[in-house]
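Pasting data-v2.cif here (mmCIF, C-alpha atoms and all ligand atoms):
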data_run
loop_
_atom_site.group_PDB
_atom_site.id
_atom_site.type_symbol
_atom_site.label_atom_id
_atom_site.label_comp_id
_atom_site.auth_asym_id
_atom_site.auth_seq_id
_atom_site.Cartn_x
_atom_site.Cartn_y
_atom_site.Cartn_z
ATOM 1 C CA MET A 18 115.378 17.815 -1.166
ATOM 2 C CA PRO A 19 112.979 19.817 -3.330
ATOM 3 C CA LEU A 20 110.860 22.055 -1.145
ATOM 4 C CA THR A 21 107.158 21.348 -0.829
ATOM 5 C CA ALA A 22 106.142 24.877 -1.823
ATOM 6 C CA GLY A 23 102.420 25.432 -2.325
ATOM 7 C CA ILE A 24 101.472 22.876 0.335
ATOM 8 C CA PRO A 25 99.066 24.329 2.926
ATOM 9 C CA THR A 26 100.370 24.999 6.422
ATOM 10 C CA LEU A 27 98.051 23.662 9.134
ATOM 11 C CA SER A 28 98.108 25.321 12.541
ATOM 12 C CA THR A 29 96.839 24.263 15.961
ATOM 13 C CA ARG A 30 97.078 25.856 19.377
ATOM 14 C CA ARG A 31 100.663 24.628 19.899
ATOM 15 C CA LEU A 32 101.807 23.291 16.519
ATOM 16 C CA VAL A 33 102.569 24.335 12.984
ATOM 17 C CA LEU A 34 102.304 21.536 10.407
ATOM 18 C CA ARG A 35 104.304 22.968 7.535
ATOM 19 C CA PRO A 36 106.171 22.121 4.345
ATOM 20 C CA TRP A 37 109.573 20.557 4.876
ATOM 21 C CA ARG A 38 112.819 22.527 4.725
ATOM 22 C CA ALA A 39 116.298 21.279 3.934
ATOM 23 C CA ASP A 40 117.391 22.166 7.480
ATOM 24 C CA ASP A 41 114.875 19.630 8.909
ATOM 25 C CA LEU A 42 116.948 16.762 7.526
ATOM 26 C CA PRO A 43 119.557 16.425 10.322
ATOM 27 C CA ALA A 44 116.873 16.283 13.038
ATOM 28 C CA PHE A 45 114.856 13.868 10.892
ATOM 29 C CA ALA A 46 117.922 11.628 10.535
ATOM 30 C CA ALA A 47 118.468 11.722 14.297
ATOM 31 C CA LEU A 48 114.966 10.482 15.083
ATOM 32 C CA ASN A 49 115.124 7.846 12.333
ATOM 33 C CA ALA A 50 118.346 6.552 13.920
ATOM 34 C CA ASP A 51 116.802 6.300 17.418
ATOM 35 C CA PRO A 52 115.974 2.661 18.327
ATOM 36 C CA ARG A 53 113.158 3.804 20.661
ATOM 37 C CA VAL A 54 111.414 5.738 17.873
ATOM 38 C CA MET A 55 111.978 2.893 15.398
ATOM 39 C CA GLU A 56 111.068 0.036 17.764
ATOM 40 C CA PHE A 57 107.911 -0.850 15.811
ATOM 41 C CA LEU A 58 109.210 0.075 12.364
ATOM 42 C CA PRO A 59 111.331 -2.230 10.234
ATOM 43 C CA LYS A 60 114.744 -0.753 11.132
ATOM 44 C CA CYS A 61 116.716 2.319 12.133
ATOM 45 C CA LEU A 62 117.740 4.424 9.152
ATOM 46 C CA ALA A 63 121.168 5.676 8.142
ATOM 47 C CA ARG A 64 121.475 9.325 7.093
ATOM 48 C CA ASP A 65 121.105 8.598 3.367
ATOM 49 C CA GLU A 66 118.068 6.371 3.993
ATOM 50 C CA SER A 67 116.466 9.120 6.093
ATOM 51 C CA ASP A 68 117.117 11.684 3.338
ATOM 52 C CA ASP A 69 115.590 9.266 0.797
ATOM 53 C CA LEU A 70 112.484 8.950 2.967
ATOM 54 C CA ALA A 71 112.197 12.762 3.132
ATOM 55 C CA GLU A 72 112.441 12.806 -0.654
ATOM 56 C CA ARG A 73 109.644 10.220 -0.954
ATOM 57 C CA ILE A 74 107.516 12.333 1.389
ATOM 58 C CA ALA A 75 108.148 15.381 -0.823
ATOM 59 C CA ALA A 76 107.249 13.338 -3.933
ATOM 60 C CA HIS A 77 103.989 12.237 -2.284
ATOM 61 C CA PHE A 78 103.080 15.897 -1.632
ATOM 62 C CA ARG A 79 103.831 16.747 -5.255
ATOM 63 C CA GLU A 80 101.705 13.879 -6.524
ATOM 64 C CA HIS A 81 98.720 14.136 -4.174
ATOM 65 C CA GLY A 82 98.801 17.641 -2.640
ATOM 66 C CA PHE A 83 98.894 16.148 0.844
ATOM 67 C CA GLY A 84 101.374 14.065 2.793
ATOM 68 C CA GLN A 85 103.355 13.854 6.010
ATOM 69 C CA TRP A 86 103.766 17.445 7.208
ATOM 70 C CA ALA A 87 106.865 18.563 9.106
ATOM 71 C CA VAL A 88 105.840 19.455 12.664
ATOM 72 C CA GLU A 89 107.186 22.557 14.390
ATOM 73 C CA VAL A 90 106.419 23.593 17.973
ATOM 74 C CA PRO A 91 106.977 27.363 17.974
ATOM 75 C CA GLY A 92 109.049 28.463 20.943
ATOM 76 C CA VAL A 93 110.002 24.828 21.696
ATOM 77 C CA ALA A 94 111.563 23.189 18.610
ATOM 78 C CA PRO A 95 111.702 23.953 14.873
ATOM 79 C CA PHE A 96 111.174 20.286 13.919
ATOM 80 C CA ILE A 97 109.931 17.377 16.067
ATOM 81 C CA GLY A 98 108.902 14.876 13.370
ATOM 82 C CA PHE A 99 106.003 14.357 10.998
ATOM 83 C CA ILE A 100 102.240 13.934 11.137
ATOM 84 C CA GLY A 101 100.092 13.601 8.050
ATOM 85 C CA LEU A 102 98.179 11.705 5.441
ATOM 86 C CA ALA A 103 99.558 9.216 2.951
ATOM 87 C CA MET A 104 98.443 6.707 0.366
ATOM 88 C CA PRO A 105 100.148 3.386 1.139
ATOM 89 C CA GLY A 106 102.209 2.017 -1.712
ATOM 90 C CA PHE A 107 101.316 -1.647 -1.141
ATOM 91 C CA ALA A 108 98.186 -3.567 -2.088
ATOM 92 C CA ALA A 109 95.848 -4.988 0.568
ATOM 93 C CA ARG A 110 92.118 -5.582 1.047
ATOM 94 C CA PHE A 111 91.662 -1.994 2.232
ATOM 95 C CA THR A 112 93.753 -0.201 -0.425
ATOM 96 C CA PRO A 113 93.677 2.216 -2.127
ATOM 97 C CA CYS A 114 93.110 4.294 0.983
ATOM 98 C CA VAL A 115 94.405 7.334 2.831
ATOM 99 C CA GLU A 116 96.148 6.700 6.138
ATOM 100 C CA VAL A 117 96.919 9.095 8.955
ATOM 101 C CA GLY A 118 100.423 8.548 10.345
ATOM 102 C CA TRP A 119 103.021 10.022 12.682
ATOM 103 C CA ARG A 120 106.610 9.784 13.855
ATOM 104 C CA LEU A 121 107.905 12.122 16.563
ATOM 105 C CA ALA A 122 111.291 12.368 18.263
ATOM 106 C CA GLY A 123 111.184 10.648 21.674
ATOM 107 C CA ALA A 124 111.829 13.905 23.558
ATOM 108 C CA TYR A 125 108.418 15.148 22.401
ATOM 109 C CA TRP A 126 106.288 12.157 23.385
ATOM 110 C CA GLY A 127 103.875 12.495 26.280
ATOM 111 C CA HIS A 128 102.784 16.064 25.538
ATOM 112 C CA GLY A 129 99.734 15.370 23.421
ATOM 113 C CA TYR A 130 101.423 16.790 20.311
ATOM 114 C CA ALA A 131 100.625 13.763 18.150
ATOM 115 C CA THR A 132 96.945 13.837 19.107
ATOM 116 C CA GLU A 133 96.718 17.579 18.506
ATOM 117 C CA GLY A 134 98.449 17.392 15.129
ATOM 118 C CA ALA A 135 96.560 14.309 13.967
ATOM 119 C CA ARG A 136 93.203 15.933 14.805
ATOM 120 C CA ARG A 137 94.174 18.881 12.628
ATOM 121 C CA VAL A 138 95.143 16.535 9.814
ATOM 122 C CA LEU A 139 91.827 14.654 10.089
ATOM 123 C CA ALA A 140 89.993 17.995 9.854
ATOM 124 C CA HIS A 141 91.935 18.731 6.659
ATOM 125 C CA GLY A 142 91.227 15.266 5.256
ATOM 126 C CA PHE A 143 87.508 15.251 5.927
ATOM 127 C CA GLY A 144 87.172 18.978 5.192
ATOM 128 C CA PRO A 145 89.065 20.465 2.224
ATOM 129 C CA LEU A 146 90.178 17.083 0.856
ATOM 130 C CA GLY A 147 86.649 15.623 1.044
ATOM 131 C CA LEU A 148 87.780 12.123 2.031
ATOM 132 C CA ALA A 149 85.103 9.531 2.899
ATOM 133 C CA GLU A 150 87.351 7.481 5.179
ATOM 134 C CA ILE A 151 90.772 7.717 6.799
ATOM 135 C CA VAL A 152 92.519 4.611 8.132
ATOM 136 C CA SER A 153 95.566 3.971 10.256
ATOM 137 C CA PHE A 154 97.543 0.806 10.803
ATOM 138 C CA THR A 155 100.466 -0.404 12.822
ATOM 139 C CA THR A 156 102.133 -3.555 13.998
ATOM 140 C CA ALA A 157 99.947 -5.111 16.703
ATOM 141 C CA GLY A 158 102.413 -4.449 19.548
ATOM 142 C CA ASN A 159 102.701 -0.684 18.990
ATOM 143 C CA GLY A 160 100.632 0.358 22.004
ATOM 144 C CA ARG A 161 101.415 4.086 21.835
ATOM 145 C CA SER A 162 100.311 4.320 18.240
ATOM 146 C CA ARG A 163 97.173 2.275 18.881
ATOM 147 C CA ALA A 164 96.290 4.429 21.907
ATOM 148 C CA LEU A 165 96.593 7.480 19.670
ATOM 149 C CA MET A 166 94.287 5.930 17.057
ATOM 150 C CA GLU A 167 91.752 5.272 19.786
ATOM 151 C CA ARG A 168 92.019 8.840 21.142
ATOM 152 C CA LEU A 169 91.208 10.006 17.626
ATOM 153 C CA GLY A 170 87.971 7.988 17.662
ATOM 154 C CA MET A 171 89.250 5.419 15.162
ATOM 155 C CA ARG A 172 87.862 1.884 15.474
ATOM 156 C CA ARG A 173 89.507 -1.484 14.905
ATOM 157 C CA ASP A 174 87.616 -4.464 13.553
ATOM 158 C CA PRO A 175 89.684 -7.635 14.153
ATOM 159 C CA ALA A 176 88.349 -8.865 10.794
ATOM 160 C CA ASP A 177 90.530 -6.137 9.205
ATOM 161 C CA ASP A 178 93.757 -7.401 10.833
ATOM 162 C CA PHE A 179 96.329 -8.212 8.171
ATOM 163 C CA LEU A 180 99.858 -9.439 7.546
ATOM 164 C CA HIS A 181 101.948 -6.579 6.165
ATOM 165 C CA PRO A 182 102.839 -7.644 2.623
ATOM 166 C CA ASN A 183 106.232 -5.868 2.709
ATOM 167 C CA LEU A 184 107.450 -7.815 5.750
ATOM 168 C CA PRO A 185 108.751 -11.374 5.395
ATOM 169 C CA GLU A 186 107.042 -14.399 6.900
ATOM 170 C CA GLY A 187 108.218 -14.935 10.477
ATOM 171 C CA ASN A 188 108.923 -11.237 11.085
ATOM 172 C CA PRO A 189 107.314 -10.468 14.487
ATOM 173 C CA GLN A 190 106.091 -7.085 13.181
ATOM 174 C CA ARG A 191 104.173 -8.645 10.307
ATOM 175 C CA PRO A 192 100.760 -8.940 12.055
ATOM 176 C CA HIS A 193 99.117 -5.519 11.737
ATOM 177 C CA VAL A 194 95.926 -3.970 13.040
ATOM 178 C CA LEU A 195 93.812 -1.597 10.966
ATOM 179 C CA TYR A 196 91.778 1.245 12.439
ATOM 180 C CA ARG A 197 89.168 3.115 10.430
ATOM 181 C CA LEU A 198 87.363 6.434 10.773
ATOM 182 C CA GLY A 199 84.540 7.308 8.400
ATOM 183 C CA ARG A 200 83.341 10.800 7.618
ATOM 184 C CA GLU A 201 79.969 10.104 9.302
ATOM 185 C CA SER A 202 81.501 8.885 12.580
ATOM 186 C CA TYR A 203 83.929 11.787 12.514
ATOM 187 C CA ALA A 204 81.117 14.296 12.065
ATOM 188 C CA LYS A 205 78.995 12.627 14.770
ATOM 189 C CA ALA A 206 81.871 12.736 17.252
ATOM 190 C CA GLY A 207 81.920 16.514 16.848
ATOM 191 C CA ARG A 208 85.340 16.421 15.145
ATOM 192 C CA ASN A 209 86.958 16.299 18.609
ATOM 193 C CA SER A 210 88.943 19.485 18.979
ATOM 194 C CA VAL A 211 91.562 20.767 16.586
ATOM 195 C CA GLY A 212 93.563 22.191 19.481
HETATM 196 C C1 LIG A 301 103.057 7.113 18.171
HETATM 197 C C2 LIG A 301 103.541 8.408 18.809
HETATM 198 C C3 LIG A 301 103.416 9.571 17.854
HETATM 199 C C4 LIG A 301 102.657 8.652 20.049
HETATM 200 O O1 LIG A 301 103.209 9.688 20.845
HETATM 201 P P1 LIG A 301 102.550 10.047 22.252
HETATM 202 O O2 LIG A 301 103.385 11.063 22.884
HETATM 203 O O3 LIG A 301 102.266 8.782 22.997
HETATM 204 O O4 LIG A 301 101.124 10.653 21.832
HETATM 205 P P2 LIG A 301 100.582 12.125 22.102
HETATM 206 O O5 LIG A 301 101.531 13.112 21.537
HETATM 207 O O6 LIG A 301 99.191 12.150 21.641
HETATM 208 O O7 LIG A 301 100.650 12.255 23.683
HETATM 209 C C5 LIG A 301 99.783 11.533 24.524
HETATM 210 C C6 LIG A 301 100.388 11.457 25.903
HETATM 211 O O8 LIG A 301 100.688 12.786 26.334
HETATM 212 C C7 LIG A 301 99.997 13.077 27.563
HETATM 213 N N1 LIG A 301 99.746 14.546 27.572
HETATM 214 C C8 LIG A 301 100.507 15.431 28.246
HETATM 215 N N2 LIG A 301 100.090 16.674 27.999
HETATM 216 C C9 LIG A 301 99.037 16.577 27.168
HETATM 217 C C10 LIG A 301 98.188 17.534 26.567
HETATM 218 N N3 LIG A 301 98.338 18.845 26.776
HETATM 219 N N4 LIG A 301 97.208 17.087 25.750
HETATM 220 C C11 LIG A 301 97.042 15.764 25.526
HETATM 221 N N5 LIG A 301 97.836 14.814 26.071
HETATM 222 C C12 LIG A 301 98.827 15.216 26.891
HETATM 223 C C13 LIG A 301 98.799 12.160 27.532
HETATM 224 O O9 LIG A 301 98.295 11.927 28.822
HETATM 225 C C14 LIG A 301 99.423 10.902 26.940
HETATM 226 O O10 LIG A 301 100.206 10.307 27.935
HETATM 227 P P3 LIG A 301 100.394 8.704 28.081
HETATM 228 O O11 LIG A 301 101.280 8.262 26.948
HETATM 229 O O12 LIG A 301 101.053 8.558 29.402
HETATM 230 O O13 LIG A 301 99.006 8.116 28.005
HETATM 231 C C15 LIG A 301 105.017 8.276 19.258
HETATM 232 O O14 LIG A 301 105.106 7.271 20.232
HETATM 233 C C16 LIG A 301 105.961 7.947 18.124
HETATM 234 O O15 LIG A 301 106.353 8.817 17.345
HETATM 235 N N6 LIG A 301 106.361 6.668 18.018
HETATM 236 C C17 LIG A 301 107.370 6.233 17.073
HETATM 237 C C18 LIG A 301 106.903 6.173 15.648
HETATM 238 C C19 LIG A 301 105.791 5.185 15.422
HETATM 239 O O16 LIG A 301 105.762 4.103 15.992
HETATM 240 N N7 LIG A 301 104.883 5.589 14.547
HETATM 241 C C20 LIG A 301 103.784 4.758 14.149
HETATM 242 C C21 LIG A 301 104.215 3.759 13.165
HETATM 243 S S1 LIG A 301 102.825 2.915 12.463
#

Spit out the file's structure as structure tokens when you get a sec.
Amino acid sequence: MPLTAGIPTLSTRRLVLRPWRADDLPAFAALNADPRVMEFLPKCLARDESDDLAERIAAHFREHGFGQWAVEVPGVAPFIGFIGLAMPGFAARFTPCVEVGWRLAGAYWGHGYATEGARRVLAHGFGPLGLAEIVSFTTAGNGRSRALMERLGMRRDPADDFLHPNLPEGNPQRPHVLYRLGRESYAKAGRNSVG
């Protein structure tokens, strides 16, 4: 995959959110093949599908200057997954928009890494990137992801619930919830902590 050179590295107390490297790809493929990680995503990915996703992430960085950063935990693991900002490729009432998203290997859940990394990403989005709003969405049953959105101070309005246009009718993951965080609410909440 082409390297995402020139992309800023974002640091927190425990994490480094950095450009991707070719040697991240095997660990990325392993987490994309894990049914627990992929429970609320359309399907587990084969190695070539995982590599294609990494390539799309790199292309997003090239196009927008931000994207899903590779997450390293120095002293613990060189790559545990991604956390970042993305512009969804589908059309909905709330697009175009910038979403905050995450996918970590199961071994690294339950440590607060996603919260810590996502707070740093929000600070980058509302700070240097000057965004007015950041959203997040997931299939309604994805409790861990929704809990994370709530820890970040994001708010769901049931009126924003939507059927994901890329999922077929009858797919149980189709009903999605949308959480929003505006720059004003973010500033009022004291930006939480960036870890
Ligand atoms: C969504 C996802 C990133 C959430 O991971 P997570 O580990 O639950 O979230 P965090 O990293 O913020 O960790 C929070 C948990 O760590 C605990 N924790 C432990 N040490 C902590 C610390 N130092 N600081 C904060 N929390 C800590 C918290 O109490 C919380 O525990 P709980 O789950 O029992 O309530 C993860 O489940 C995932 O990658 N899922 C698969 C991919 C996916 O579904 N992505 C979204 C698609 S839309």

| For region 49-61 of chain A: contacts at 12 Å, all atoms listed in the file, fewer than 6 positions along chain excluded, given as number ranges by chain | A: 42-43, 67-71, 97-99, 119-126, 154-163, 181, 183-185, 188-193

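Considering all atoms listed in the file, the residue among A:Pro25, A:Gly134, A:Pro36, A:Pro105 positioned nearest to Ala87 (chain A) is A:Pro36.
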
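Once the PyMOL selection byres (((chain A and resi 146) around 12) and not hetatm) is applied to the depicted file, the selected set reads Pro25, His81, Gly82, Phe83, Gly84, Leu102, Val115, Val138, Leu139, Ala140, His141, Gly142, Phe143, Gly144, Pro145, Gly147, Leu148, Ala149, Glu150, Ile151 and Arg200 of chain A.
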
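CA of Ile100 (chain A) is found 6.4 Å from CA of Ala135 (chain A).
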
Can you report as AutoDock Vina command-line options the centre and edge lengths in Å, to one decimal, of an axis-aligned box around the listed atoms of region 36-52 of chain A padded with 6 Å on each side?
--center_x 112.9 --center_y 12.6 --center_z 11.1 --size_x 25.4 --size_y 31.9 --size_z 26.4

| Can you list what the PyMOL selection byres (((chain A and resi 197) around 7) and not hetatm) grabs from this structure, as a list in words? | Ile151, Val152, Ser153, Met171, Arg172, Arg173, Leu195, Tyr196, Leu198 and Gly199 of chain A

| task | Find the residues around Arg31 (chain A) up to 9 Å (all atoms listed in the file counted), leave out those fewer than 6 positions away in its own chain, and share them as a ChimeraX atom specification. | result | /A:89-91,130,133-134,212

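Coordinates place atom C17 of ligand LIG 301 (chain A) at a distance of 27.9 Å from CA of Ala204 (chain A).
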
| field | CA of Leu62 (chain A) to CA of Asp177 (chain A), straight-line distance in Å | value | 29.2 Å

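Using only C-alpha atoms and all ligand atoms, the shortest contact distance between ligand LIG 301 (chain A) and any of A:Met166, A:Cys114, A:Ile74, A:Ala176 is found at A:Met166.
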
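Proximity ranking of A:Glu72, A:Glu201, A:Glu167, A:Asp40 relative to ligand LIG 301 (chain A) places A:Glu167 first, based on all atoms listed in the file.
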